[in-house]
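The structure appears below as structure tokens.
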Amino acid sequence: MNRRKSVLITGVNGLLGAWVYSDFLRNGWNVTGLVRRKIENFPVPLEVLPNWDEPSLFSLLDNFEPDVVVHTAAMSSTSEAEINPGITHHANTEIPKILAAVTGRLSIRLVHCSTDLVFDGLEGNYSETDQVNPQHTYGKTKTEAEFLIPGLNPDHLIFRLALMAGFSWDGNHGFLDSFRKSLESGKPQPAFTDEFRTAIPVSVASNLISESVNHQTEPGLYHLASDEKLNRYEMACILSEKLGFSTELIIPAKLESFTGKPVRQPDVSMNNQKLKRALGISEIPGVSSEETIRKIVF
Ligand SMILES: NC(=O)c1ccc[n+]([C@@H]2O[C@H](COP(=O)([O-])OP(=O)(O)OC[C@H]3O[C@@H](n4cnc5c(N)ncnc54)[C@H](OP(=O)(O)O)[C@@H]3O)[C@@H](O)[C@H]2O)c1
């Protein structure tokens, strides 16, 4: 009798991790979620591992023997990364390096999540062979991990994710959750007309990750972005209408007015042809699709 395939997913209490968890469960996989601390009210049991050092991760994976590890955990906030570069380097470079080494030794496929912010955003429509040029701590630490993983585990899938739009399981992760809260408070929302993204609904990103694993996709680096290139203002207006608010609160702004940290990248839109070819699909929906406001089901 065939045994059920098994997957270990890190960061399952985050935005993407919970969706990936729910997709693999629905597809009949044996799923283990890995977190670093106990999560109150998470609807399915989790494995808690406080220290993600090499011996602890080796012993956990040697014991669980998953077919695949999907690594979504990361320091994902660009502003927090700037304030805490040491913690960010550990989360975004050291942990992926350890996971790649351990999964490589145990012959386990590793799926790793990277970002469109490895690019400087001066050109846009980036493909996988284009030169990276990260501009801040978050981008640099994610870029370093991309370079290290292939040498440690040849059986890897690295997805450079575009900005993800969607609701998280607890309403406290990702920009759609905070965008909705701001609209509810009636606060005007400045949105840049000259900052472009190929943003993707989180449910679509999650589904394409699990499909890539099911399809035994060739190892390598893939851009996981939608077909829809929008500026932040267009995106905010679409999302505001979808959430049932007037667009009057969305105020057009220019990037030159931004005074925060770190610097923003004007156009990190990505070309998704390589992934489409690998999966034999013709379209990848963007934020204007109904997927954006779909709710997660465990
Ligand atoms: N969200 C986006 O738009 C976007 C766009 C491009 C790429 N990405 C990438 O996609 C992946 C998923 O992003 P997300 O938005 O789902 O992230 P998220 O909602 O911020 O969740 C991050 C997860 O990582 C865990 N984590 C953080 N630091 C950790 C550490 N040092 N050790 C162990 N666990 C740690 C968090 O656990 P705690 O609750 O314990 O902190 C949480 O479970 C990340 O690799 C991110 O860089 C995201």
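Identifiers in the structure tokens: chain A, B, ... in order shown; residue index from 1 per chain; ligand index from 1 in order shown.
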How would you write, as an MDAnalysis selection string, the set of residues no farther than 6 Å from ligand 1 when counting only C-alpha atoms and all ligand atoms? chainID A and resid 11:17 36:37 72:76 91 113:115 161:164 173:174
Tell me which protein, DNA and RNA residues are within 10 Å of Pro50 (chain A), counting only C-alpha atoms, leaving out same-chain ones fewer than 3 positions away, and put them as a list in words.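 Residues near the query, excluding close chain neighbours: Leu34, Val35, Arg36, Arg37, Lys38, Glu47, Asp53 and Ser56 of chain A.
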Would you save the residues of that selection, restricted to C-alpha atoms, as a JSON list (two decimals), in the first residue's frame?
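And here's part_20.json as it stands now:
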```json
[["chain", "number", "residue", "atom", "x", "y", "z"],
["A", 34, "LEU", "CA", 6.64, 23.81, 12.54],
["A", 35, "VAL", "CA", 6.70, 26.95, 14.72],
["A", 36, "ARG", "CA", 9.16, 28.32, 17.27],
["A", 37, "ARG", "CA", 6.61, 29.01, 20.04],
["A", 38, "LYS", "CA", 3.18, 27.76, 21.08],
["A", 47, "GLU", "CA", 5.28, 20.97, 16.35],
["A", 53, "ASP", "CA", 19.93, 25.12, 15.11],
["A", 56, "SER", "CA", 17.70, 20.27, 16.53]]
```
From the DSSP assignment of the backbone, select every residue of region 122-181 of chain A that is helix (DSSP H, G or I), and format the answer as a PDB file with N, CA and C atoms, in the first residue's frame.
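part.pdb written:
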```pdb
ATOM      1  N   THR A 137      18.339  45.597   4.001  1.00  0.00           N
ATOM      2  CA  THR A 137      18.683  44.403   4.785  1.00  0.00           C
ATOM      3  C   THR A 137      17.820  43.210   4.393  1.00  0.00           C
ATOM      4  N   TYR A 138      16.503  43.424   4.300  1.00  0.00           N
ATOM      5  CA  TYR A 138      15.606  42.311   3.950  1.00  0.00           C
ATOM      6  C   TYR A 138      16.021  41.706   2.602  1.00  0.00           C
ATOM      7  N   GLY A 139      16.161  42.551   1.573  1.00  0.00           N
ATOM      8  CA  GLY A 139      16.518  42.059   0.232  1.00  0.00           C
ATOM      9  C   GLY A 139      17.871  41.367   0.220  1.00  0.00           C
ATOM     10  N   LYS A 140      18.828  41.942   0.962  1.00  0.00           N
ATOM     11  CA  LYS A 140      20.187  41.365   0.969  1.00  0.00           C
ATOM     12  C   LYS A 140      20.203  39.997   1.645  1.00  0.00           C
ATOM     13  N   THR A 141      19.493  39.875   2.783  1.00  0.00           N
ATOM     14  CA  THR A 141      19.523  38.592   3.504  1.00  0.00           C
ATOM     15  C   THR A 141      18.786  37.506   2.713  1.00  0.00           C
ATOM     16  N   LYS A 142      17.731  37.882   1.992  1.00  0.00           N
ATOM     17  CA  LYS A 142      17.016  36.899   1.167  1.00  0.00           C
ATOM     18  C   LYS A 142      17.882  36.496  -0.028  1.00  0.00           C
ATOM     19  N   THR A 143      18.622  37.455  -0.593  1.00  0.00           N
ATOM     20  CA  THR A 143      19.495  37.164  -1.739  1.00  0.00           C
ATOM     21  C   THR A 143      20.595  36.181  -1.336  1.00  0.00           C
ATOM     22  N   GLU A 144      21.178  36.415  -0.158  1.00  0.00           N
ATOM     23  CA  GLU A 144      22.247  35.514   0.315  1.00  0.00           C
ATOM     24  C   GLU A 144      21.738  34.084   0.405  1.00  0.00           C
ATOM     25  N   ALA A 145      20.519  33.917   0.917  1.00  0.00           N
ATOM     26  CA  ALA A 145      19.951  32.561   1.047  1.00  0.00           C
ATOM     27  C   ALA A 145      19.783  31.929  -0.340  1.00  0.00           C
ATOM     28  N   GLU A 146      19.325  32.709  -1.298  1.00  0.00           N
ATOM     29  CA  GLU A 146      19.155  32.183  -2.675  1.00  0.00           C
ATOM     30  C   GLU A 146      20.468  31.624  -3.218  1.00  0.00           C
ATOM     31  N   PHE A 147      21.578  32.306  -2.905  1.00  0.00           N
ATOM     32  CA  PHE A 147      22.878  31.862  -3.416  1.00  0.00           C
ATOM     33  C   PHE A 147      23.382  30.603  -2.706  1.00  0.00           C
ATOM     34  N   LEU A 148      23.049  30.485  -1.396  1.00  0.00           N
ATOM     35  CA  LEU A 148      23.594  29.372  -0.601  1.00  0.00           C
ATOM     36  C   LEU A 148      22.858  28.048  -0.837  1.00  0.00           C
ATOM     37  N   ILE A 149      21.541  28.106  -1.008  1.00  0.00           N
ATOM     38  CA  ILE A 149      20.726  26.882  -1.016  1.00  0.00           C
ATOM     39  C   ILE A 149      21.136  25.867  -2.096  1.00  0.00           C
ATOM     40  N   PRO A 150      21.305  26.294  -3.373  1.00  0.00           N
ATOM     41  CA  PRO A 150      21.574  25.291  -4.418  1.00  0.00           C
ATOM     42  C   PRO A 150      22.804  24.426  -4.138  1.00  0.00           C
ATOM     43  N   GLY A 151      23.837  24.997  -3.513  1.00  0.00           N
ATOM     44  CA  GLY A 151      25.050  24.228  -3.228  1.00  0.00           C
ATOM     45  C   GLY A 151      24.862  23.231  -2.089  1.00  0.00           C
ATOM     46  N   LEU A 152      23.846  23.423  -1.275  1.00  0.00           N
ATOM     47  CA  LEU A 152      23.645  22.565  -0.109  1.00  0.00           C
ATOM     48  C   LEU A 152      22.572  21.507  -0.340  1.00  0.00           C
ATOM     49  N   GLY A 174       0.100  40.183   7.072  1.00  0.00           N
ATOM     50  CA  GLY A 174      -0.049  40.595   5.681  1.00  0.00           C
ATOM     51  C   GLY A 174      -0.708  41.953   5.530  1.00  0.00           C
ATOM     52  N   PHE A 175      -0.516  42.553   4.340  1.00  0.00           N
ATOM     53  CA  PHE A 175      -0.952  43.949   4.196  1.00  0.00           C
ATOM     54  C   PHE A 175      -2.457  44.097   4.008  1.00  0.00           C
ATOM     55  N   LEU A 176      -3.175  43.047   3.532  1.00  0.00           N
ATOM     56  CA  LEU A 176      -4.628  43.206   3.355  1.00  0.00           C
ATOM     57  C   LEU A 176      -5.324  43.343   4.717  1.00  0.00           C
ATOM     58  N   ASP A 177      -4.857  42.578   5.708  1.00  0.00           N
ATOM     59  CA  ASP A 177      -5.421  42.678   7.063  1.00  0.00           C
ATOM     60  C   ASP A 177      -5.246  44.102   7.609  1.00  0.00           C
ATOM     61  N   SER A 178      -4.033  44.656   7.463  1.00  0.00           N
ATOM     62  CA  SER A 178      -3.814  46.003   8.023  1.00  0.00           C
ATOM     63  C   SER A 178      -4.490  47.072   7.162  1.00  0.00           C
ATOM     64  N   PHE A 179      -4.561  46.829   5.857  1.00  0.00           N
ATOM     65  CA  PHE A 179      -5.241  47.781   4.964  1.00  0.00           C
ATOM     66  C   PHE A 179      -6.724  47.873   5.339  1.00  0.00           C
ATOM     67  N   ARG A 180      -7.352  46.726   5.586  1.00  0.00           N
ATOM     68  CA  ARG A 180      -8.774  46.729   5.959  1.00  0.00           C
ATOM     69  C   ARG A 180      -8.983  47.476   7.288  1.00  0.00           C
ATOM     70  N   LYS A 181      -8.072  47.210   8.251  1.00  0.00           N
ATOM     71  CA  LYS A 181      -8.212  47.893   9.551  1.00  0.00           C
ATOM     72  C   LYS A 181      -8.105  49.415   9.376  1.00  0.00           C
TER      73      LYS A 181
END
```
d(CA of Glu291 (chain A), CA of Ala18 (chain A)) in Å: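 Pair CA of Glu291 (chain A) / CA of Ala18 (chain A) returns 15.6 Å.
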Distance query Val102 (chain A) at most 10 Å, only C-alpha atoms, self and fewer than 4 positions along chain excluded, as an MDAnalysis selection string: chainID A and resid 54:55 57:59 61:62 96:98 106:108 110 152:153
Write the selection just made, keeping C-alpha atoms, as a PDB file, in the first residue's frame?
```pdb
ATOM      1  CA  GLU A  54      21.443  22.356  12.984  1.00  0.00           C
ATOM      2  CA  PRO A  55      21.332  19.483  15.540  1.00  0.00           C
ATOM      3  CA  LEU A  57      16.485  20.534  12.933  1.00  0.00           C
ATOM      4  CA  PHE A  58      18.422  17.413  11.913  1.00  0.00           C
ATOM      5  CA  SER A  59      16.917  15.380  14.729  1.00  0.00           C
ATOM      6  CA  LEU A  61      13.581  15.931  10.253  1.00  0.00           C
ATOM      7  CA  ASP A  62      15.338  12.601  10.765  1.00  0.00           C
ATOM      8  CA  PRO A  96      17.536  28.656   5.300  1.00  0.00           C
ATOM      9  CA  LYS A  97      21.229  27.671   5.103  1.00  0.00           C
ATOM     10  CA  ILE A  98      20.831  25.184   7.975  1.00  0.00           C
ATOM     11  CA  LEU A 106      18.595  13.604   4.379  1.00  0.00           C
ATOM     12  CA  SER A 107      17.616  13.772   0.638  1.00  0.00           C
ATOM     13  CA  ILE A 108      14.462  15.792   1.353  1.00  0.00           C
ATOM     14  CA  LEU A 110      13.320  21.884   0.058  1.00  0.00           C
ATOM     15  CA  LEU A 152      23.645  22.565  -0.109  1.00  0.00           C
ATOM     16  CA  ASN A 153      20.553  20.844  -1.499  1.00  0.00           C
TER      17      ASN A 153
END
```
Straight-line distance linking CA of His156 (chain A) with CA of Leu8 (chain A), stated in Å to one decimal: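 Straight-line distance from CA of His156 (chain A) to CA of Leu8 (chain A) works out to 14.4 Å.
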Show which residues sit within 7 Å of region 267-276 of chain A, as a PyMOL selection string. Count only C-alpha atoms, and ignore same-chain residues fewer than 5 positions away. chain A and resi 116-117+119+121-127+195-198+222-225+229+281-282
Counting only C-alpha atoms, which residue out of A:Asn41, A:Thr10, A:Asn27, A:Ser246 sits closest to Lys187 (chain A)?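 Smallest separation from Lys187 (chain A) among the options: A:Ser246.
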Residues at most 8 Å from His136 (chain A), counting only C-alpha atoms, excluding those fewer than 4 positions away in the same chain, as a short mmCIF file (atom, residue, chain, number, x, y, z; two decimals) with C-alpha atoms, in the first residue's frame?
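The file below, selection_20.cif, is the result:
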```cif
data_model
loop_
_atom_site.label_atom_id
_atom_site.label_comp_id
_atom_site.auth_asym_id
_atom_site.auth_seq_id
_atom_site.Cartn_x
_atom_site.Cartn_y
_atom_site.Cartn_z
CA THR A 78 11.34 45.35 5.51
CA GLU A 82 16.29 47.51 8.97
CA LYS A 140 20.19 41.36 0.97
CA PRO A 262 14.16 51.47 3.94
CA VAL A 263 14.12 52.89 0.40
#
```
Quick one: everything within 9 Å of Ile238 (chain A), counting only C-alpha atoms, minus sequence neighbours fewer than 3 positions away in the same chain. Send it as number ranges by chain. A: 233-235, 241-243, 247, 287-288
Residues as selected, C-alpha atoms, written as a compact mmCIF listing (two decimals), in the first residue's frame, can you do that?
```
# COMPACT_ATOMS: atom_id res chain seq x y z
CA TYR A 233 -2.70 53.35 -6.15
CA GLU A 234 -4.54 51.13 -8.64
CA MET A 235 -4.10 48.17 -6.31
CA GLU A 241 -13.82 48.37 -3.59
CA LYS A 242 -13.52 44.63 -3.01
CA LEU A 243 -13.67 45.22 0.73
CA THR A 247 -12.03 54.79 -2.95
CA VAL A 287 -5.41 41.12 -7.04
CA SER A 288 -8.42 42.03 -9.17
```
Could you pull out the strand (DSSP E) residues of region 61-276 of chain A, going by DSSP on the backbone, and write them as a ChimeraX atom specification? /A:68-71,109-115,156-161,164-165,189-192,196-197,200-201,220-224,230-231,250-253
Output the selection as an mmCIF file, in the first residue's frame - N, CA and C atoms for each residue.
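Saved the output as result_3.cif:
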```
data_model
loop_
_atom_site.group_PDB
_atom_site.id
_atom_site.type_symbol
_atom_site.label_atom_id
_atom_site.label_comp_id
_atom_site.auth_asym_id
_atom_site.auth_seq_id
_atom_site.Cartn_x
_atom_site.Cartn_y
_atom_site.Cartn_z
ATOM 1 N N VAL A 68 8.969 16.417 1.791
ATOM 2 C CA VAL A 68 9.221 17.811 1.392
ATOM 3 C C VAL A 68 9.194 18.710 2.624
ATOM 4 N N VAL A 69 10.066 19.722 2.642
ATOM 5 C CA VAL A 69 9.960 20.806 3.627
ATOM 6 C C VAL A 69 9.614 22.075 2.857
ATOM 7 N N VAL A 70 8.544 22.760 3.261
ATOM 8 C CA VAL A 70 8.211 24.057 2.661
ATOM 9 C C VAL A 70 8.545 25.123 3.711
ATOM 10 N N HIS A 71 9.539 25.940 3.391
ATOM 11 C CA HIS A 71 10.043 26.911 4.375
ATOM 12 C C HIS A 71 9.470 28.298 4.085
ATOM 13 N N ARG A 109 13.301 17.093 -0.346
ATOM 14 C CA ARG A 109 13.126 18.271 -1.208
ATOM 15 C C ARG A 109 12.861 19.514 -0.346
ATOM 16 N N LEU A 110 13.525 20.632 -0.683
ATOM 17 C CA LEU A 110 13.320 21.884 0.058
ATOM 18 C C LEU A 110 12.657 22.924 -0.839
ATOM 19 N N VAL A 111 11.535 23.459 -0.372
ATOM 20 C CA VAL A 111 10.877 24.570 -1.068
ATOM 21 C C VAL A 111 11.127 25.813 -0.233
ATOM 22 N N HIS A 112 11.762 26.804 -0.838
ATOM 23 C CA HIS A 112 12.144 28.014 -0.090
ATOM 24 C C HIS A 112 11.450 29.245 -0.683
ATOM 25 N N CYS A 113 11.058 30.172 0.190
ATOM 26 C CA CYS A 113 10.379 31.392 -0.271
ATOM 27 C C CYS A 113 11.332 32.579 -0.269
ATOM 28 N N SER A 114 11.542 33.153 -1.448
ATOM 29 C CA SER A 114 12.323 34.386 -1.536
ATOM 30 C C SER A 114 11.387 35.519 -1.966
ATOM 31 N N THR A 115 11.922 36.560 -2.561
ATOM 32 C CA THR A 115 11.128 37.776 -2.736
ATOM 33 C C THR A 115 11.513 38.536 -4.009
ATOM 34 N N HIS A 156 15.986 21.490 -4.747
ATOM 35 C CA HIS A 156 15.336 22.670 -4.153
ATOM 36 C C HIS A 156 14.408 23.343 -5.162
ATOM 37 N N LEU A 157 13.369 23.993 -4.639
ATOM 38 C CA LEU A 157 12.566 24.928 -5.431
ATOM 39 C C LEU A 157 12.655 26.250 -4.684
ATOM 40 N N ILE A 158 13.141 27.282 -5.349
ATOM 41 C CA ILE A 158 13.161 28.605 -4.722
ATOM 42 C C ILE A 158 12.142 29.472 -5.460
ATOM 43 N N PHE A 159 11.146 29.949 -4.723
ATOM 44 C CA PHE A 159 10.134 30.820 -5.325
ATOM 45 C C PHE A 159 10.397 32.252 -4.913
ATOM 46 N N ARG A 160 10.611 33.109 -5.925
ATOM 47 C CA ARG A 160 10.655 34.546 -5.632
ATOM 48 C C ARG A 160 9.216 35.036 -5.688
ATOM 49 N N LEU A 161 8.668 35.331 -4.508
ATOM 50 C CA LEU A 161 7.262 35.727 -4.430
ATOM 51 C C LEU A 161 7.089 37.220 -4.650
ATOM 52 N N MET A 164 2.079 39.649 -1.683
ATOM 53 C CA MET A 164 0.900 38.768 -1.586
ATOM 54 C C MET A 164 -0.269 39.511 -0.937
ATOM 55 N N ALA A 165 -1.434 39.380 -1.552
ATOM 56 C CA ALA A 165 -2.654 40.002 -1.024
ATOM 57 C C ALA A 165 -3.610 38.905 -0.589
ATOM 58 N N GLN A 189 -5.552 56.866 3.026
ATOM 59 C CA GLN A 189 -4.455 55.955 2.710
ATOM 60 C C GLN A 189 -3.655 56.470 1.522
ATOM 61 N N PRO A 190 -2.478 57.071 1.745
ATOM 62 C CA PRO A 190 -1.669 57.467 0.585
ATOM 63 C C PRO A 190 -1.203 56.218 -0.162
ATOM 64 N N ALA A 191 -1.236 56.241 -1.490
ATOM 65 C CA ALA A 191 -0.795 55.076 -2.276
ATOM 66 C C ALA A 191 -0.038 55.587 -3.496
ATOM 67 N N PHE A 192 1.140 54.995 -3.746
ATOM 68 C CA PHE A 192 2.032 55.526 -4.783
ATOM 69 C C PHE A 192 1.562 55.157 -6.194
ATOM 70 N N PHE A 196 5.348 49.971 -8.807
ATOM 71 C CA PHE A 196 4.640 48.896 -9.519
ATOM 72 C C PHE A 196 4.974 47.510 -8.965
ATOM 73 N N ARG A 197 3.973 46.647 -8.945
ATOM 74 C CA ARG A 197 4.128 45.275 -8.458
ATOM 75 C C ARG A 197 3.289 44.324 -9.317
ATOM 76 N N ILE A 200 0.086 39.140 -6.087
ATOM 77 C CA ILE A 200 -0.620 37.868 -6.305
ATOM 78 C C ILE A 200 -1.487 37.551 -5.081
ATOM 79 N N PRO A 201 -2.706 37.049 -5.275
ATOM 80 C CA PRO A 201 -3.477 36.616 -4.100
ATOM 81 C C PRO A 201 -2.731 35.501 -3.368
ATOM 82 N N GLY A 220 15.045 24.389 -9.085
ATOM 83 C CA GLY A 220 15.510 25.673 -9.614
ATOM 84 C C GLY A 220 14.770 26.851 -9.015
ATOM 85 N N LEU A 221 15.020 27.987 -9.646
ATOM 86 C CA LEU A 221 14.484 29.275 -9.188
ATOM 87 C C LEU A 221 13.307 29.680 -10.070
ATOM 88 N N TYR A 222 12.183 30.071 -9.445
ATOM 89 C CA TYR A 222 10.976 30.429 -10.202
ATOM 90 C C TYR A 222 10.379 31.730 -9.675
ATOM 91 N N HIS A 223 9.904 32.560 -10.599
ATOM 92 C CA HIS A 223 9.179 33.768 -10.206
ATOM 93 C C HIS A 223 7.703 33.448 -10.035
ATOM 94 N N LEU A 224 7.204 33.717 -8.839
ATOM 95 C CA LEU A 224 5.806 33.416 -8.508
ATOM 96 C C LEU A 224 5.081 34.753 -8.380
ATOM 97 N N LEU A 230 0.349 46.320 -11.608
ATOM 98 C CA LEU A 230 -0.444 47.472 -11.168
ATOM 99 C C LEU A 230 0.428 48.377 -10.309
ATOM 100 N N ASN A 231 0.096 49.682 -10.297
ATOM 101 C CA ASN A 231 0.778 50.513 -9.304
ATOM 102 C C ASN A 231 0.012 50.442 -7.990
ATOM 103 N N ILE A 250 -8.466 56.679 -0.609
ATOM 104 C CA ILE A 250 -7.172 56.364 -1.231
ATOM 105 C C ILE A 250 -6.640 57.626 -1.916
ATOM 106 N N ILE A 251 -5.504 58.086 -1.431
ATOM 107 C CA ILE A 251 -4.945 59.360 -1.899
ATOM 108 C C ILE A 251 -3.722 59.084 -2.777
ATOM 109 N N PRO A 252 -3.746 59.509 -4.067
ATOM 110 C CA PRO A 252 -2.574 59.273 -4.916
ATOM 111 C C PRO A 252 -1.346 60.030 -4.399
ATOM 112 N N ALA A 253 -0.193 59.342 -4.405
ATOM 113 C CA ALA A 253 1.049 59.977 -3.922
ATOM 114 C C ALA A 253 2.205 59.554 -4.821
#
```
Between A:Phe258, A:Phe24, A:Phe167, A:Phe298, single out the one closest to Glu211 (chain A), counting only C-alpha atoms.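 The answer is A:Phe24, which sits nearest to Glu211 (chain A).
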So the first atom is CA of Val20 (chain A) and the second is CA of Ser210 (chain A); what is the distance between them in Å, to one decimal place?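 For CA of Val20 (chain A) relative to CA of Ser210 (chain A), the distance reads 7.1 Å.
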Using only C-alpha atoms, can you tell me which of A:Trp52, A:Pro43, A:Asp194, A:Arg294 comes closest to Ile95 (chain A)?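 Closest to Ile95 (chain A) of all the choices is A:Trp52.
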Leu25 (chain A): which residues within 12 Å, counting only C-alpha atoms, same-chain residues fewer than 2 positions away excluded, as a PDB file with N, CA and C atoms, in the first residue's frame?
```
ATOM      1  N   ARG A   4       0.925   7.779   2.630  1.00  0.00           N
ATOM      2  CA  ARG A   4       0.606   9.171   2.289  1.00  0.00           C
ATOM      3  C   ARG A   4       1.884   9.980   2.271  1.00  0.00           C
ATOM      4  N   LYS A   5       2.026  10.879   1.278  1.00  0.00           N
ATOM      5  CA  LYS A   5       3.212  11.734   1.240  1.00  0.00           C
ATOM      6  C   LYS A   5       3.152  12.717   2.396  1.00  0.00           C
ATOM      7  N   SER A   6       4.325  13.112   2.905  1.00  0.00           N
ATOM      8  CA  SER A   6       4.307  14.008   4.055  1.00  0.00           C
ATOM      9  C   SER A   6       5.137  15.263   3.811  1.00  0.00           C
ATOM     10  N   VAL A   7       4.657  16.345   4.395  1.00  0.00           N
ATOM     11  CA  VAL A   7       5.311  17.643   4.227  1.00  0.00           C
ATOM     12  C   VAL A   7       5.431  18.322   5.584  1.00  0.00           C
ATOM     13  N   LEU A   8       6.569  18.969   5.810  1.00  0.00           N
ATOM     14  CA  LEU A   8       6.741  19.799   7.003  1.00  0.00           C
ATOM     15  C   LEU A   8       6.773  21.257   6.542  1.00  0.00           C
ATOM     16  N   ILE A   9       5.924  22.085   7.160  1.00  0.00           N
ATOM     17  CA  ILE A   9       5.809  23.483   6.730  1.00  0.00           C
ATOM     18  C   ILE A   9       6.220  24.397   7.880  1.00  0.00           C
ATOM     19  N   ALA A  18       0.011  29.403   6.629  1.00  0.00           N
ATOM     20  CA  ALA A  18      -1.293  28.827   6.969  1.00  0.00           C
ATOM     21  C   ALA A  18      -2.044  28.392   5.701  1.00  0.00           C
ATOM     22  N   TRP A  19      -1.929  29.174   4.637  1.00  0.00           N
ATOM     23  CA  TRP A  19      -2.574  28.799   3.372  1.00  0.00           C
ATOM     24  C   TRP A  19      -1.934  27.537   2.790  1.00  0.00           C
ATOM     25  N   VAL A  20      -0.602  27.472   2.846  1.00  0.00           N
ATOM     26  CA  VAL A  20       0.094  26.292   2.316  1.00  0.00           C
ATOM     27  C   VAL A  20      -0.313  25.062   3.128  1.00  0.00           C
ATOM     28  N   TYR A  21      -0.385  25.251   4.445  1.00  0.00           N
ATOM     29  CA  TYR A  21      -0.798  24.163   5.337  1.00  0.00           C
ATOM     30  C   TYR A  21      -2.175  23.648   4.916  1.00  0.00           C
ATOM     31  N   SER A  22      -3.106  24.585   4.728  1.00  0.00           N
ATOM     32  CA  SER A  22      -4.478  24.196   4.394  1.00  0.00           C
ATOM     33  C   SER A  22      -4.550  23.521   3.017  1.00  0.00           C
ATOM     34  N   ASP A  23      -3.755  23.994   2.054  1.00  0.00           N
ATOM     35  CA  ASP A  23      -3.755  23.376   0.702  1.00  0.00           C
ATOM     36  C   ASP A  23      -3.247  21.931   0.736  1.00  0.00           C
ATOM     37  N   ASN A  27      -5.250  18.397  -0.062  1.00  0.00           N
ATOM     38  CA  ASN A  27      -4.779  17.479  -1.112  1.00  0.00           C
ATOM     39  C   ASN A  27      -4.370  16.114  -0.572  1.00  0.00           C
ATOM     40  N   GLY A  28      -4.672  15.856   0.699  1.00  0.00           N
ATOM     41  CA  GLY A  28      -4.466  14.511   1.240  1.00  0.00           C
ATOM     42  C   GLY A  28      -3.074  14.228   1.762  1.00  0.00           C
ATOM     43  N   TRP A  29      -2.244  15.271   1.925  1.00  0.00           N
ATOM     44  CA  TRP A  29      -0.900  15.040   2.459  1.00  0.00           C
ATOM     45  C   TRP A  29      -0.947  14.900   3.972  1.00  0.00           C
ATOM     46  N   ASN A  30       0.058  14.227   4.487  1.00  0.00           N
ATOM     47  CA  ASN A  30       0.291  14.180   5.908  1.00  0.00           C
ATOM     48  C   ASN A  30       1.087  15.447   6.252  1.00  0.00           C
ATOM     49  N   VAL A  31       0.491  16.379   7.005  1.00  0.00           N
ATOM     50  CA  VAL A  31       1.098  17.707   7.164  1.00  0.00           C
ATOM     51  C   VAL A  31       1.545  17.958   8.605  1.00  0.00           C
ATOM     52  N   THR A  32       2.770  18.416   8.757  1.00  0.00           N
ATOM     53  CA  THR A  32       3.249  18.857  10.075  1.00  0.00           C
ATOM     54  C   THR A  32       3.630  20.330   9.964  1.00  0.00           C
ATOM     55  N   GLY A  33       3.107  21.138  10.876  1.00  0.00           N
ATOM     56  CA  GLY A  33       3.461  22.555  10.897  1.00  0.00           C
ATOM     57  C   GLY A  33       4.519  22.793  11.954  1.00  0.00           C
ATOM     58  N   VAL A  44      -5.081  23.619  14.101  1.00  0.00           N
ATOM     59  CA  VAL A  44      -4.554  22.261  13.917  1.00  0.00           C
ATOM     60  C   VAL A  44      -3.256  22.096  14.709  1.00  0.00           C
ATOM     61  N   ASN A 207      -1.495  27.828  -3.745  1.00  0.00           N
ATOM     62  CA  ASN A 207      -1.911  26.754  -4.642  1.00  0.00           C
ATOM     63  C   ASN A 207      -0.805  26.404  -5.651  1.00  0.00           C
ATOM     64  N   SER A 210       1.903  24.331  -3.905  1.00  0.00           N
ATOM     65  CA  SER A 210       1.565  22.912  -3.715  1.00  0.00           C
ATOM     66  C   SER A 210       1.468  22.186  -5.059  1.00  0.00           C
ATOM     67  N   VAL A 297      -9.623  28.023   4.825  1.00  0.00           N
ATOM     68  CA  VAL A 297     -10.381  26.942   5.477  1.00  0.00           C
ATOM     69  C   VAL A 297      -9.400  25.826   5.836  1.00  0.00           C
ATOM     70  N   PHE A 298      -9.426  25.410   7.069  1.00  0.00           N
ATOM     71  CA  PHE A 298      -8.541  24.295   7.471  1.00  0.00           C
ATOM     72  C   PHE A 298      -9.283  22.987   7.378  1.00  0.00           C
TER      73      PHE A 298
END
```
Of A:Ser257, A:Pro45, A:Asn133, A:Lys295, the one nearest to Asp170 (chain A) when counting only C-alpha atoms is A:Lys295
